[in-house]
Amino acid sequence: MNVESADQARQDPEYRKALVELLYQLADDELCLGHRDSEWLGVAPDIEGDVAFSSIAQDEVGHAVFHLERLHELGEPDPDFLAFSRGPTERRNAVLVERPNGDWAQTILRHFLYDVFDDVRAESLLASSYRPLAQGMAKIRREEYYHLLHLKMWVIRLAQGGGEARRRLEQALAEVWPEVGGLFSWGEGEAELLRHGLIQCRSDELMHRWAERVKPIFREAELLWPGLPPQPELQGRSGEHTQDLAELIRTMSEVYSSDPAARW
Amino acid sequence: MWEMMAPVWREALQEVKDPEIPDLSIVELGMVNRVTEEAGEVQVEITPTFVGCPALDLIAGDVREKLTQVKGVSRVRVSFVMDPPWTSERITPEGREKLKNFGIAPPRSRGEDPMDFVPECPFCGAEGGEVLNLFGPTACRSIFYCRNCHQPFEGMKPI
């Protein structure tokens, strides 16, 4: 059964609980990566890359705000509070996206792998029983299309560039792969999410769809496919995180924390 | 869509401009989804061009200000809706013309080939330019290069 509004969702506490958990995963992934993207402002290797990451950062943070607003409608605190004042254990992003950018190759590769995942996840949410979410995902996908084009172009450019570019890309692949698997988890409430029709496919199915999309691009880039990503050590979707997230939150909320009551 | 909007609302909302392109109204951009009124209370549904567009709050404030000036209006409520999603097809013919006059190429339709969306150059009208950067000064624009008049130019992304 479809749920058309936040008011309707709030009438069923179990439904609301599962939905809130899902929205935190979506918001926290986008907020972390959007913040990491913004760190390239002014220091990317070329002006085009600089402009691109500024724009992508703005999009990702905007998408995070969309999800945080949906949470607020469901009775959670206001979006600024959720973005800046929650501690690491309350966050539901995958550990992969909280990690520092690393070098350019690692930045590009992580973002590419995430963007394919993000698209596969968004596609699977188009049929979500929570219509405000499904409608938002339809809109967000139209924007993410450009991120994916850009990141795919860069992966192939680095791979085909040979020399140091290729060496660094291969190094990046070895470094990020052990944590990629954490993206696909729907968290401890997966069964509930499925039962309520909030999601339509299980995490293993999500990973397979993702792999089918990534493999052809690895072939084009002549990168060796390392096999499906392993289960990561830390479950970000359950609130397990690294010191990197604590530092990210501290940096991101520095201005907000100086005066949380200020109006901007 | 604005065709179905009562002239009184259309006229007032025509005065709400894109903060970055002062000639272009939100009506011409196709951002106004629906306007309803009941006993002096007006509800306006706006569909954002980009979800994270930082101009949205400014636009909402402007909508409230302009509509409050209409006779008989006591209260204005603005909401942002995602359904139907905004697409570049929603820009009106007048809107496309104003974009071009401002030096921003109006968006082409998104075709089969993802990279085949270079619009006509807004300065000389030539086709066959190239993509310089998928991303530009705002989320909704890309940067192109015209091979005919040898100028870089901005264009709105087809979405």
# chains A, B, ... in the order shown; residues from 1 in each chain; ligands from 1

call {"tool": "closest_atom_pairs", "arguments": {"of": "chain A", "to": "chain B", "cutoff": "6 Å", "atoms": "only C-alpha atoms", "output": "tab-separated table"}}
result
residue	atom	partner	partner_atom	distance
A:Ala52	CA	B:Phe135	CA	5.0
A:Ser55	CA	B:Ala139	CA	5.5
A:Asp59	CA	B:Gly52	CA	5.3
A:Gly62	CA	B:Gly52	CA	3.5
A:Gln135	CA	B:Met82	CA	5.8
A:Gly136	CA	B:Met82	CA	5.7
A:Lys139	CA	B:Pro85	CA	5.5
A:Arg142	CA	B:Ile159	CA	5.8

call {"tool": "residues_around", "arguments": {"residues": "segment 122-128 of chain A", "least_positions_apart": "2", "cutoff": "10 Å", "atoms": "only C-alpha atoms", "output": "ChimeraX atom specification"}}
result
/A:1-3,26,116-120,130-141,144,193-194,196-202,206

call {"tool": "residues_around", "arguments": {"residues": "Glu60 of chain A", "least_positions_apart": "3", "cutoff": "9 Å", "atoms": "only C-alpha atoms", "output": "ChimeraX atom specification"}}
result
/A:29-35,37,55-57,63-65,144 /B:52

call {"tool": "select_by_dssp", "arguments": {"residues": "segment 5-252 of chain A", "states": "alpha helix (DSSP H)", "output": "ChimeraX atom specification"}}
result
/A:6-10,13-38,47-73,79-85,104-125,131-161,163-180,190-195,203-221,243-252

call {"tool": "atom_distance", "arguments": {"atom1": "atom CA of Phe112 of chain A", "atom2": "atom CA of Leu151 of chain A"}}
result
5.2 Å

call {"tool": "atom_distance", "arguments": {"atom1": "atom CA of Thr36 of chain B", "atom2": "atom CA of Ile21 of chain B"}}
result
26.8 Å

call {"tool": "residues_around", "arguments": {"residues": "Arg110 of chain A", "least_positions_apart": "2", "cutoff": "12 Å", "atoms": "only C-alpha atoms", "output": "ChimeraX atom specification"}}
result
/A:33,36-37,95-108,112-118,148,151-152,154-155,169,172-180,183

call {"tool": "write_last_selection", "arguments": {"atoms": "N, CA, C and O atoms", "output": "compact mmCIF listing (two decimals), in the first residue's frame"}}
result
# COMPACT_ATOMS: atom_id res chain seq x y z
N LEU A 33 29.64 12.64 1.45
CA LEU A 33 30.37 12.74 0.18
C LEU A 33 30.32 14.17 -0.35
O LEU A 33 31.31 14.66 -0.90
N ARG A 36 33.01 16.02 1.35
CA ARG A 36 34.32 15.66 0.80
C ARG A 36 34.53 16.33 -0.55
O ARG A 36 35.62 16.82 -0.87
N ASP A 37 33.50 16.36 -1.38
CA ASP A 37 33.61 17.02 -2.70
C ASP A 37 34.00 18.49 -2.54
O ASP A 37 34.80 19.02 -3.30
N VAL A 95 30.80 3.61 5.58
CA VAL A 95 32.13 4.11 6.00
C VAL A 95 32.91 4.65 4.79
O VAL A 95 33.64 5.63 4.89
N LEU A 96 32.71 4.03 3.63
CA LEU A 96 33.44 4.45 2.43
C LEU A 96 33.38 5.96 2.19
O LEU A 96 34.38 6.57 1.83
N VAL A 97 32.20 6.57 2.38
CA VAL A 97 32.05 7.98 2.02
C VAL A 97 32.54 8.95 3.10
O VAL A 97 32.62 10.14 2.86
N GLU A 98 32.88 8.42 4.29
CA GLU A 98 33.41 9.33 5.32
C GLU A 98 34.92 9.45 5.22
O GLU A 98 35.52 10.35 5.80
N ARG A 99 35.56 8.55 4.48
CA ARG A 99 37.02 8.55 4.37
C ARG A 99 37.50 9.83 3.68
O ARG A 99 36.81 10.36 2.82
N PRO A 100 38.69 10.31 4.05
CA PRO A 100 39.23 11.48 3.34
C PRO A 100 39.38 11.18 1.85
O PRO A 100 39.42 10.01 1.44
N ASN A 101 39.47 12.23 1.05
CA ASN A 101 39.50 12.07 -0.40
C ASN A 101 40.70 11.27 -0.91
O ASN A 101 40.60 10.61 -1.93
N GLY A 102 41.84 11.36 -0.22
CA GLY A 102 43.05 10.77 -0.78
C GLY A 102 43.51 11.59 -1.97
O GLY A 102 43.18 12.78 -2.07
N ASP A 103 44.25 10.96 -2.88
CA ASP A 103 44.70 11.73 -4.05
C ASP A 103 43.57 11.82 -5.08
O ASP A 103 42.46 11.33 -4.86
N TRP A 104 43.87 12.42 -6.22
CA TRP A 104 42.83 12.64 -7.24
C TRP A 104 42.25 11.32 -7.73
O TRP A 104 41.03 11.17 -7.88
N ALA A 105 43.13 10.34 -7.97
CA ALA A 105 42.66 9.05 -8.49
C ALA A 105 41.70 8.38 -7.51
O ALA A 105 40.66 7.83 -7.90
N GLN A 106 42.03 8.47 -6.22
CA GLN A 106 41.18 7.84 -5.21
C GLN A 106 39.84 8.59 -5.10
O GLN A 106 38.78 7.97 -4.97
N THR A 107 39.91 9.91 -5.18
CA THR A 107 38.69 10.72 -5.17
C THR A 107 37.76 10.32 -6.31
O THR A 107 36.56 10.09 -6.11
N ILE A 108 38.35 10.23 -7.50
CA ILE A 108 37.56 9.93 -8.70
C ILE A 108 36.98 8.51 -8.61
O ILE A 108 35.79 8.30 -8.85
N PHE A 112 33.06 7.58 -8.40
CA PHE A 112 32.46 6.82 -9.51
C PHE A 112 31.72 5.59 -8.98
O PHE A 112 30.56 5.35 -9.32
N LEU A 113 32.40 4.82 -8.11
CA LEU A 113 31.77 3.61 -7.58
C LEU A 113 30.53 3.96 -6.78
O LEU A 113 29.51 3.28 -6.85
N TYR A 114 30.59 5.06 -6.03
CA TYR A 114 29.42 5.51 -5.27
C TYR A 114 28.29 5.95 -6.20
O TYR A 114 27.12 5.61 -5.97
N ASP A 115 28.64 6.72 -7.23
CA ASP A 115 27.59 7.25 -8.11
C ASP A 115 26.82 6.15 -8.83
O ASP A 115 25.61 6.26 -9.03
N VAL A 116 27.52 5.09 -9.23
CA VAL A 116 26.82 3.97 -9.86
C VAL A 116 25.87 3.34 -8.82
O VAL A 116 24.70 3.10 -9.10
N PHE A 117 26.40 3.14 -7.61
CA PHE A 117 25.56 2.61 -6.53
C PHE A 117 24.35 3.51 -6.28
O PHE A 117 23.21 3.06 -6.17
N ASP A 118 24.61 4.81 -6.21
CA ASP A 118 23.56 5.78 -5.90
C ASP A 118 22.45 5.71 -6.95
O ASP A 118 21.27 5.80 -6.65
N LEU A 148 27.52 11.10 -12.95
CA LEU A 148 27.97 9.81 -13.45
C LEU A 148 28.74 9.96 -14.76
O LEU A 148 29.80 9.36 -14.95
N LEU A 151 32.21 11.47 -13.83
CA LEU A 151 33.11 10.57 -13.12
C LEU A 151 33.57 9.41 -14.00
O LEU A 151 34.72 9.01 -13.95
N LYS A 152 32.66 8.91 -14.82
CA LYS A 152 33.03 7.83 -15.74
C LYS A 152 34.11 8.32 -16.71
O LYS A 152 35.10 7.62 -16.96
N TRP A 154 36.31 10.55 -16.19
CA TRP A 154 37.59 10.68 -15.48
C TRP A 154 38.24 9.33 -15.18
O TRP A 154 39.46 9.20 -15.26
N VAL A 155 37.44 8.32 -14.84
CA VAL A 155 38.02 7.00 -14.58
C VAL A 155 38.72 6.49 -15.84
O VAL A 155 39.87 6.03 -15.80
N LEU A 169 45.57 5.00 -10.03
CA LEU A 169 44.20 4.49 -10.09
C LEU A 169 44.15 3.05 -9.59
O LEU A 169 43.25 2.67 -8.84
N ALA A 172 44.47 3.08 -5.94
CA ALA A 172 43.21 3.53 -5.34
C ALA A 172 42.21 2.38 -5.28
O ALA A 172 41.51 2.19 -4.29
N LEU A 173 42.19 1.59 -6.34
CA LEU A 173 41.26 0.46 -6.40
C LEU A 173 41.54 -0.51 -5.24
O LEU A 173 40.62 -0.95 -4.54
N ALA A 174 42.83 -0.79 -5.03
CA ALA A 174 43.20 -1.70 -3.93
C ALA A 174 42.80 -1.10 -2.58
O ALA A 174 42.41 -1.82 -1.66
N GLU A 175 42.89 0.21 -2.47
CA GLU A 175 42.60 0.84 -1.18
C GLU A 175 41.10 0.96 -0.87
O GLU A 175 40.68 0.77 0.26
N VAL A 176 40.29 1.29 -1.88
CA VAL A 176 38.87 1.52 -1.57
C VAL A 176 38.04 0.24 -1.57
O VAL A 176 37.02 0.16 -0.89
N TRP A 177 38.47 -0.76 -2.34
CA TRP A 177 37.62 -1.94 -2.55
C TRP A 177 37.15 -2.62 -1.26
O TRP A 177 35.98 -3.00 -1.15
N PRO A 178 38.04 -2.76 -0.23
CA PRO A 178 37.58 -3.46 0.99
C PRO A 178 36.40 -2.76 1.68
O PRO A 178 35.71 -3.40 2.47
N GLU A 179 36.15 -1.48 1.38
CA GLU A 179 35.05 -0.79 2.07
C GLU A 179 33.83 -0.53 1.19
O GLU A 179 32.82 -0.03 1.67
N VAL A 180 33.93 -0.86 -0.08
CA VAL A 180 32.82 -0.61 -1.00
C VAL A 180 31.57 -1.39 -0.60
O VAL A 180 30.44 -0.89 -0.73
N LEU A 183 28.32 -0.06 1.21
CA LEU A 183 27.30 0.77 0.55
C LEU A 183 25.97 0.03 0.45
O LEU A 183 24.90 0.62 0.58

call {"tool": "residues_around", "arguments": {"residues": "Arg64 of chain B", "least_positions_apart": "6", "cutoff": "12 Å", "atoms": "only C-alpha atoms", "output": "NGL selection string"}}
result
:B and (9 or 12-13 or 15-16 or 41-46 or 57-58 or 70 or 73-79)

call {"tool": "residues_around", "arguments": {"residues": "Ala126 of chain B", "least_positions_apart": "6", "cutoff": "12 Å", "atoms": "only C-alpha atoms", "output": "list in words"}}
result
Ala105, Val118, Pro119, Glu120, Tyr145, Cys146, Arg147, Asn148, Cys149, His150, Gln151 and Phe153 of chain B

call {"tool": "write_last_selection", "arguments": {"atoms": "C-alpha atoms", "output": "tab-separated table (two decimals), in the first residue's frame"}}
result
chain	number	residue	atom	x	y	z
B	105	ALA	CA	21.86	28.95	-24.55
B	118	VAL	CA	25.54	21.05	-27.31
B	119	PRO	CA	23.03	23.81	-27.99
B	120	GLU	CA	23.25	26.49	-30.65
B	145	TYR	CA	32.69	26.30	-26.90
B	146	CYS	CA	31.56	27.65	-30.26
B	147	ARG	CA	33.85	26.59	-33.10
B	148	ASN	CA	32.40	29.24	-35.38
B	149	CYS	CA	32.78	32.45	-33.36
B	150	HIS	CA	35.48	30.97	-31.09
B	151	GLN	CA	33.72	31.94	-27.88
B	153	PHE	CA	29.36	30.13	-23.82

call {"tool": "atom_distance", "arguments": {"atom1": "atom CA of Leu19 of chain A", "atom2": "atom CA of Glu73 of chain A"}}
result
11.8 Å
